[in-house]
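This is work-v3.cif (mmCIF, C-alpha atoms).
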data_work
loop_
_atom_site.label_atom_id
_atom_site.label_comp_id
_atom_site.auth_asym_id
_atom_site.auth_seq_id
_atom_site.Cartn_x
_atom_site.Cartn_y
_atom_site.Cartn_z
CA MET A 1 -39.25 -31.57 -59.19
CA SER A 2 -40.49 -31.99 -62.72
CA ALA A 3 -42.76 -29.84 -64.81
CA ALA A 4 -43.98 -29.45 -68.35
CA TRP A 5 -42.05 -27.01 -70.43
CA GLY A 6 -45.22 -25.05 -70.97
CA ASP A 7 -45.31 -24.26 -67.24
CA ASP A 8 -43.27 -21.56 -65.59
CA ALA A 9 -41.58 -24.18 -63.40
CA CYS A 10 -38.25 -25.82 -64.22
CA PRO A 11 -37.69 -29.31 -65.61
CA ASP A 12 -36.13 -32.04 -63.50
CA ALA A 13 -33.12 -30.45 -61.81
CA ALA A 14 -31.49 -33.77 -61.00
CA ALA A 15 -31.49 -34.76 -64.67
CA ALA A 16 -29.99 -31.39 -65.59
CA PHE A 17 -26.97 -31.78 -63.37
CA ASP A 18 -24.53 -34.50 -64.40
CA PRO A 19 -22.00 -35.27 -61.64
CA ASN A 20 -19.80 -37.20 -64.12
CA GLY A 21 -18.90 -39.74 -61.47
CA ALA A 22 -17.50 -36.91 -59.34
CA THR A 23 -17.12 -37.17 -55.59
CA TRP A 24 -17.14 -33.81 -53.87
CA ALA A 25 -18.32 -32.42 -50.60
CA LEU A 26 -19.02 -29.09 -48.96
CA ALA A 27 -18.22 -28.80 -45.29
CA ARG A 28 -20.78 -26.75 -43.38
CA PRO A 29 -19.24 -23.31 -42.76
CA ALA A 30 -18.58 -22.02 -39.26
CA ALA A 31 -21.55 -20.32 -37.63
CA HIS A 32 -20.08 -16.86 -38.22
CA ARG A 33 -19.20 -17.43 -41.87
CA ALA A 34 -21.24 -17.76 -45.05
CA LEU A 35 -20.67 -20.31 -47.79
CA ASP A 36 -18.68 -18.09 -50.16
CA ILE A 37 -19.37 -19.01 -53.79
CA LEU A 38 -17.52 -17.53 -56.75
CA ALA A 39 -19.66 -17.48 -59.90
CA ILE A 40 -17.24 -16.76 -62.73
CA GLY A 41 -17.59 -16.74 -66.50
CA SER A 42 -19.02 -14.55 -69.22
CA SER A 43 -22.42 -13.08 -70.10
CA SER A 44 -24.48 -15.95 -68.68
CA THR A 45 -22.89 -15.24 -65.31
CA GLU A 46 -23.00 -11.46 -65.61
CA GLY A 47 -26.68 -11.88 -66.45
CA ILE A 48 -27.10 -10.38 -69.92
CA GLY A 49 -30.73 -10.94 -70.92
CA ALA A 50 -32.08 -10.83 -67.36
CA SER A 51 -34.65 -8.18 -66.52
CA GLY A 52 -32.55 -6.94 -63.59
CA PRO A 53 -29.60 -7.77 -61.31
CA ARG A 54 -31.72 -9.89 -58.93
CA GLN A 55 -32.81 -12.12 -61.83
CA THR A 56 -29.28 -13.25 -62.73
CA TYR A 57 -28.40 -16.82 -61.87
CA PRO A 58 -25.86 -15.89 -59.12
CA ALA A 59 -28.44 -13.68 -57.37
CA ARG A 60 -31.18 -16.27 -57.70
CA LEU A 61 -28.83 -19.01 -56.48
CA GLU A 62 -28.00 -16.98 -53.37
CA ASP A 63 -31.69 -16.33 -52.73
CA GLU A 64 -32.69 -19.98 -53.16
CA LEU A 65 -29.94 -21.35 -50.93
CA GLU A 66 -30.68 -18.82 -48.21
CA HIS A 67 -34.42 -19.43 -48.50
CA SER A 68 -33.83 -23.11 -47.73
CA GLY A 69 -32.71 -22.01 -44.25
CA ARG A 70 -29.82 -24.48 -44.24
CA LEU A 71 -27.03 -22.21 -45.41
CA ALA A 72 -25.90 -18.62 -45.09
CA VAL A 73 -24.59 -17.88 -48.55
CA THR A 74 -22.67 -15.21 -50.41
CA VAL A 75 -22.50 -15.58 -54.19
CA ARG A 76 -20.09 -13.20 -55.89
CA ASN A 77 -20.94 -12.47 -59.53
CA ALA A 78 -17.66 -12.34 -61.45
CA GLY A 79 -19.13 -12.59 -64.95
CA ILE A 80 -17.80 -10.45 -67.79
CA GLY A 81 -19.75 -10.56 -71.02
CA GLY A 82 -17.86 -11.66 -74.13
CA GLU A 83 -14.96 -13.18 -72.21
CA VAL A 84 -13.29 -16.38 -73.46
CA ALA A 85 -11.82 -18.94 -71.08
CA SER A 86 -8.22 -17.73 -71.45
CA LYS A 87 -9.30 -14.29 -70.22
CA THR A 88 -11.27 -15.73 -67.32
CA LEU A 89 -8.46 -18.01 -66.14
CA PRO A 90 -6.21 -15.28 -64.61
CA ARG A 91 -9.20 -13.89 -62.71
CA LEU A 92 -10.01 -17.37 -61.44
CA LEU A 93 -6.42 -17.96 -60.35
CA ALA A 94 -6.33 -14.64 -58.51
CA ALA A 95 -9.59 -15.43 -56.71
CA LEU A 96 -8.30 -18.83 -55.63
CA LYS A 97 -5.06 -17.29 -54.43
CA SER A 98 -7.02 -14.86 -52.27
CA GLY A 99 -8.47 -17.76 -50.32
CA TRP A 100 -11.96 -16.23 -50.46
CA PRO A 101 -14.12 -18.76 -52.32
CA ARG A 102 -15.14 -22.07 -50.82
CA LEU A 103 -16.86 -23.14 -54.03
CA VAL A 104 -16.36 -22.09 -57.66
CA ILE A 105 -18.93 -22.29 -60.46
CA TRP A 106 -17.23 -21.75 -63.82
CA GLN A 107 -19.59 -21.09 -66.75
CA VAL A 108 -17.42 -21.60 -69.80
CA GLY A 109 -17.26 -22.36 -73.51
CA THR A 110 -19.89 -20.32 -75.32
CA ASN A 111 -17.64 -17.49 -76.50
CA ASP A 112 -14.76 -19.86 -77.25
CA ALA A 113 -17.08 -21.84 -79.52
CA MET A 114 -18.53 -18.78 -81.22
CA THR A 115 -15.17 -17.10 -81.84
CA GLY A 116 -13.35 -20.25 -82.95
CA VAL A 117 -10.77 -20.57 -80.18
CA ASP A 118 -8.52 -23.57 -80.82
CA GLU A 119 -10.12 -26.64 -79.25
CA SER A 120 -6.94 -27.99 -77.67
CA ALA A 121 -6.08 -24.56 -76.27
CA PHE A 122 -9.58 -24.25 -74.82
CA ARG A 123 -9.32 -27.66 -73.20
CA ALA A 124 -5.91 -26.85 -71.72
CA THR A 125 -7.22 -23.58 -70.27
CA VAL A 126 -10.15 -25.21 -68.51
CA GLU A 127 -7.93 -27.99 -67.19
CA LYS A 128 -5.54 -25.40 -65.74
CA GLY A 129 -8.42 -23.83 -63.85
CA ILE A 130 -9.54 -27.20 -62.49
CA ALA A 131 -5.98 -28.03 -61.41
CA ALA A 132 -5.68 -24.70 -59.60
CA ALA A 133 -8.96 -25.24 -57.76
CA GLU A 134 -7.87 -28.74 -56.77
CA ALA A 135 -4.52 -27.42 -55.51
CA ALA A 136 -6.35 -24.79 -53.45
CA GLY A 137 -8.71 -27.41 -52.01
CA VAL A 138 -11.76 -25.63 -53.45
CA PRO A 139 -14.56 -27.65 -55.10
CA ILE A 140 -15.31 -26.50 -58.64
CA LEU A 141 -18.39 -27.04 -60.81
CA LEU A 142 -18.47 -26.44 -64.56
CA MET A 143 -21.39 -25.11 -66.59
CA ASP A 144 -21.34 -25.84 -70.31
CA PRO A 145 -22.69 -23.61 -73.13
CA GLN A 146 -26.44 -23.15 -73.39
CA TYR A 147 -28.48 -23.94 -76.44
CA THR A 148 -28.73 -20.81 -78.57
CA ALA A 149 -30.50 -19.99 -81.79
CA ARG A 150 -27.39 -18.03 -82.85
CA ARG A 151 -24.68 -20.64 -82.45
CA GLY A 152 -23.63 -20.52 -86.10
CA ASP A 153 -21.77 -23.71 -87.02
CA ASP A 154 -23.75 -26.26 -85.02
CA ALA A 155 -21.12 -29.00 -85.24
CA ARG A 156 -18.33 -26.72 -84.04
CA TYR A 157 -20.44 -25.26 -81.24
CA GLU A 158 -21.42 -28.67 -79.97
CA LYS A 159 -17.77 -29.77 -79.92
CA TYR A 160 -17.16 -27.26 -77.14
CA VAL A 161 -20.19 -28.57 -75.26
CA ASP A 162 -18.68 -32.05 -75.58
CA ILE A 163 -15.25 -30.81 -74.48
CA VAL A 164 -16.62 -29.32 -71.26
CA ASN A 165 -18.48 -32.51 -70.46
CA ASP A 166 -15.47 -34.66 -71.35
CA ILE A 167 -13.28 -32.58 -69.04
CA GLY A 168 -15.81 -33.22 -66.29
CA ASP A 169 -15.65 -36.95 -66.95
CA ARG A 170 -11.86 -37.06 -67.02
CA HIS A 171 -11.31 -34.92 -63.94
CA HIS A 172 -14.36 -36.04 -61.95
CA VAL A 173 -15.78 -32.53 -61.86
CA PRO A 174 -19.58 -32.07 -61.82
CA VAL A 175 -21.03 -30.34 -64.89
CA LEU A 176 -24.32 -28.53 -65.22
CA SER A 177 -25.14 -29.36 -68.83
CA ARG A 178 -27.38 -26.53 -69.90
CA PHE A 179 -27.18 -27.64 -73.52
CA ALA A 180 -28.47 -31.14 -72.77
CA MET A 181 -31.07 -29.80 -70.36
CA MET A 182 -32.49 -27.45 -72.98
CA MET A 183 -32.19 -29.77 -75.97
CA ARG A 184 -33.88 -32.62 -74.11
CA ALA A 185 -37.11 -30.69 -74.58
CA GLY A 186 -36.41 -29.84 -78.23
CA ALA A 187 -35.26 -26.63 -79.86
CA LYS A 188 -38.74 -25.07 -79.99
CA ASN A 189 -39.19 -25.36 -76.23
CA ALA A 190 -35.57 -24.47 -75.44
CA VAL A 191 -36.15 -21.04 -76.97
CA ALA A 192 -38.44 -20.33 -73.99
CA TRP A 193 -35.27 -20.00 -71.91
CA LEU A 194 -33.72 -17.40 -74.21
CA SER A 195 -34.05 -13.63 -74.27
CA GLY A 196 -35.19 -11.73 -77.33
CA ASP A 197 -31.71 -11.76 -78.88
CA GLY A 198 -31.84 -15.57 -79.22
CA LEU A 199 -28.42 -15.84 -77.60
CA HIS A 200 -28.60 -15.00 -73.90
CA MET A 201 -30.83 -16.58 -71.29
CA ASN A 202 -33.91 -14.84 -69.93
CA ASP A 203 -35.29 -14.72 -66.39
CA ARG A 204 -36.79 -18.19 -66.72
CA GLY A 205 -33.53 -19.67 -67.97
CA TYR A 206 -31.51 -18.11 -65.16
CA LYS A 207 -34.07 -19.26 -62.59
CA CYS A 208 -33.83 -22.86 -63.77
CA VAL A 209 -30.01 -22.78 -63.87
CA ALA A 210 -29.95 -21.44 -60.32
CA HIS A 211 -32.43 -24.08 -59.19
CA ALA A 212 -30.40 -26.95 -60.63
CA LEU A 213 -27.24 -25.60 -58.98
CA ALA A 214 -29.00 -25.11 -55.64
CA ILE A 215 -30.20 -28.72 -55.65
CA ALA A 216 -26.66 -29.96 -56.36
CA ILE A 217 -25.06 -27.75 -53.69
CA GLU A 218 -27.60 -28.70 -51.05
CA SER A 219 -27.09 -32.38 -51.88
CA ALA A 220 -23.31 -32.05 -51.58
CA GLU A 221 -23.29 -30.23 -48.24
CA GLY A 222 -21.51 -32.40 -45.70
CA GLN A 223 -21.50 -35.51 -47.86
CA LYS A 224 -20.07 -36.91 -51.08
CA LEU A 225 -22.10 -37.29 -54.23
#
What do you get writing this file as structure tokens?
Amino acid sequence: MSAAWGDDACPDAAAAFDPNGATWALARPAAHRALDILAIGSSSTEGIGASGPRQTYPARLEDELEHSGRLAVTVRNAGIGGEVASKTLPRLLAALKSGWPRLVIWQVGTNDAMTGVDESAFRATVEKGIAAAEAAGVPILLMDPQYTARRGDDARYEKYVDIVNDIGDRHHVPVLSRFAMMMRAGAKNAVAWLSGDGLHMNDRGYKCVAHALAIAIESAEGQKL
């Protein structure tokens, strides 16, 4: 699906989601069990900027996947606003150890970039999470930082965007590149995805993130990308 940025619809979802050469698959769950998805990260996962809990990307993702009629889905929102990757990692490891999730979506990097976390330490943290998911046999998707009007040092911020995408390339993990998706339309239009604080996404932004993820998940079900 493609649409003009002036419309309420989302831009091309396929172009938004970069599989980075990754091969991954989702086996169809047993008839009595839902596809259990762990959405973990910081404020973009928690849904700061959304008009209500059902407008967050995890809630919208669950709704869209269930509406397709192909999957029974449970999406658990494990977002904590302001959290950096090193704080998220123990929660991710605990969730994987529990055996609950069958798919992980890790939104990561924005707070690390904005607070100046060491780049090599950030990279190592994300790679530990990927290794843990691989060891648990759970597919993992990464979501890089969004464009924001309040990113401060542009060059430093964009380094973290590049790191997330480079990790995806190196480890063959799909990445939803929000930054590229928003910047492709130019900064003026990208602001249409942001809430009034110029930092967090709004309902439209969360809807389009959920849509891009839903397309990728539906494409991966039972086959390799």
Pairwise distance for CA of Ala132 (chain A) and CA of Leu38 (chain A), rounded to one decimal in Å: 14.1 Å
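When all atoms listed in the file are used to measure the gap to Ile105 (chain A), the shortest distance among A:Gly82, A:Gly49, A:Gly69, A:Pro139 belongs to A:Pro139.
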Gap from CA of Ala72 (chain A) to CA of Leu35 (chain A) - Å, one decimal: 6.1 Å
Test item: the PyMOL selection byres ((chain A and resi 59) around 10) resolved as a ChimeraX atom specification: /A:39,45,47,53-58,60-64,74-77,206-207,210
Which residue of A:Ala149, A:Ala131, A:Met143, A:Ile40 approaches Ser195 (chain A) most closely, using only C-alpha atoms: A:Ala149
Hits from the PyMOL selection byres ((chain A and resi 160) around 8), listed as a PyMOL selection string: chain A and resi 109-110+112-113+119+145+156-159+161-164
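Between CA of Leu199 (chain A) and CA of Tyr147 (chain A) the separation is 8.2 Å.
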A:Met183, A:Thr88, A:Ala192, A:Arg123 ranked by distance to Arg204 (chain A), top pick (using all atoms listed in the file): A:Ala192
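With distances taken over all atoms listed in the file, A:Ile130 is the one residue among A:Ile130, A:Ala94, A:Asp197, A:Gln107 lying closest to Arg170 (chain A).
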Ref. answer, residues at most 7 Å from (-24.4, -17.5, -70.4) with all atoms listed in the file, as a list in words: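 Those within range, by chain then number, are Ser42, Ser43, Ser44, Thr45, Pro145, Gln146, His200 and Met201 of chain A.
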Could you write out as AutoDock Vina command-line options the box around region 93-112 of chain A (axis-aligned, all atoms listed in the file, 4 Å on each side), with centre and edge lengths in Å to one decimal?
--center_x -12.5 --center_y -18.9 --center_z -63.8 --size_x 22.8 --size_y 16.5 --size_z 34.9
Result set of the PyMOL selection byres ((chain A and resi 213) around 12) on the coordinates above, as a ChimeraX atom specification: /A:12-19,37,39,57-58,60-62,64-65,103-107,140-143,174-178,206-212,214-220
Shortest interatomic distance to Gly205 (chain A) - which of A:Val191, A:Val173, A:Val108, A:Leu96, counting all atoms listed in the file: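 Nearest to Gly205 (chain A): A:Val191.
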Pick from A:Asp36, A:Glu46, A:Glu66, A:Asp118 nearest to Ala95 (chain A), counting all atoms listed in the file: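 Going through A:Asp36, A:Glu46, A:Glu66, A:Asp118 one by one, the smallest distance to Ala95 (chain A) is for A:Asp36.
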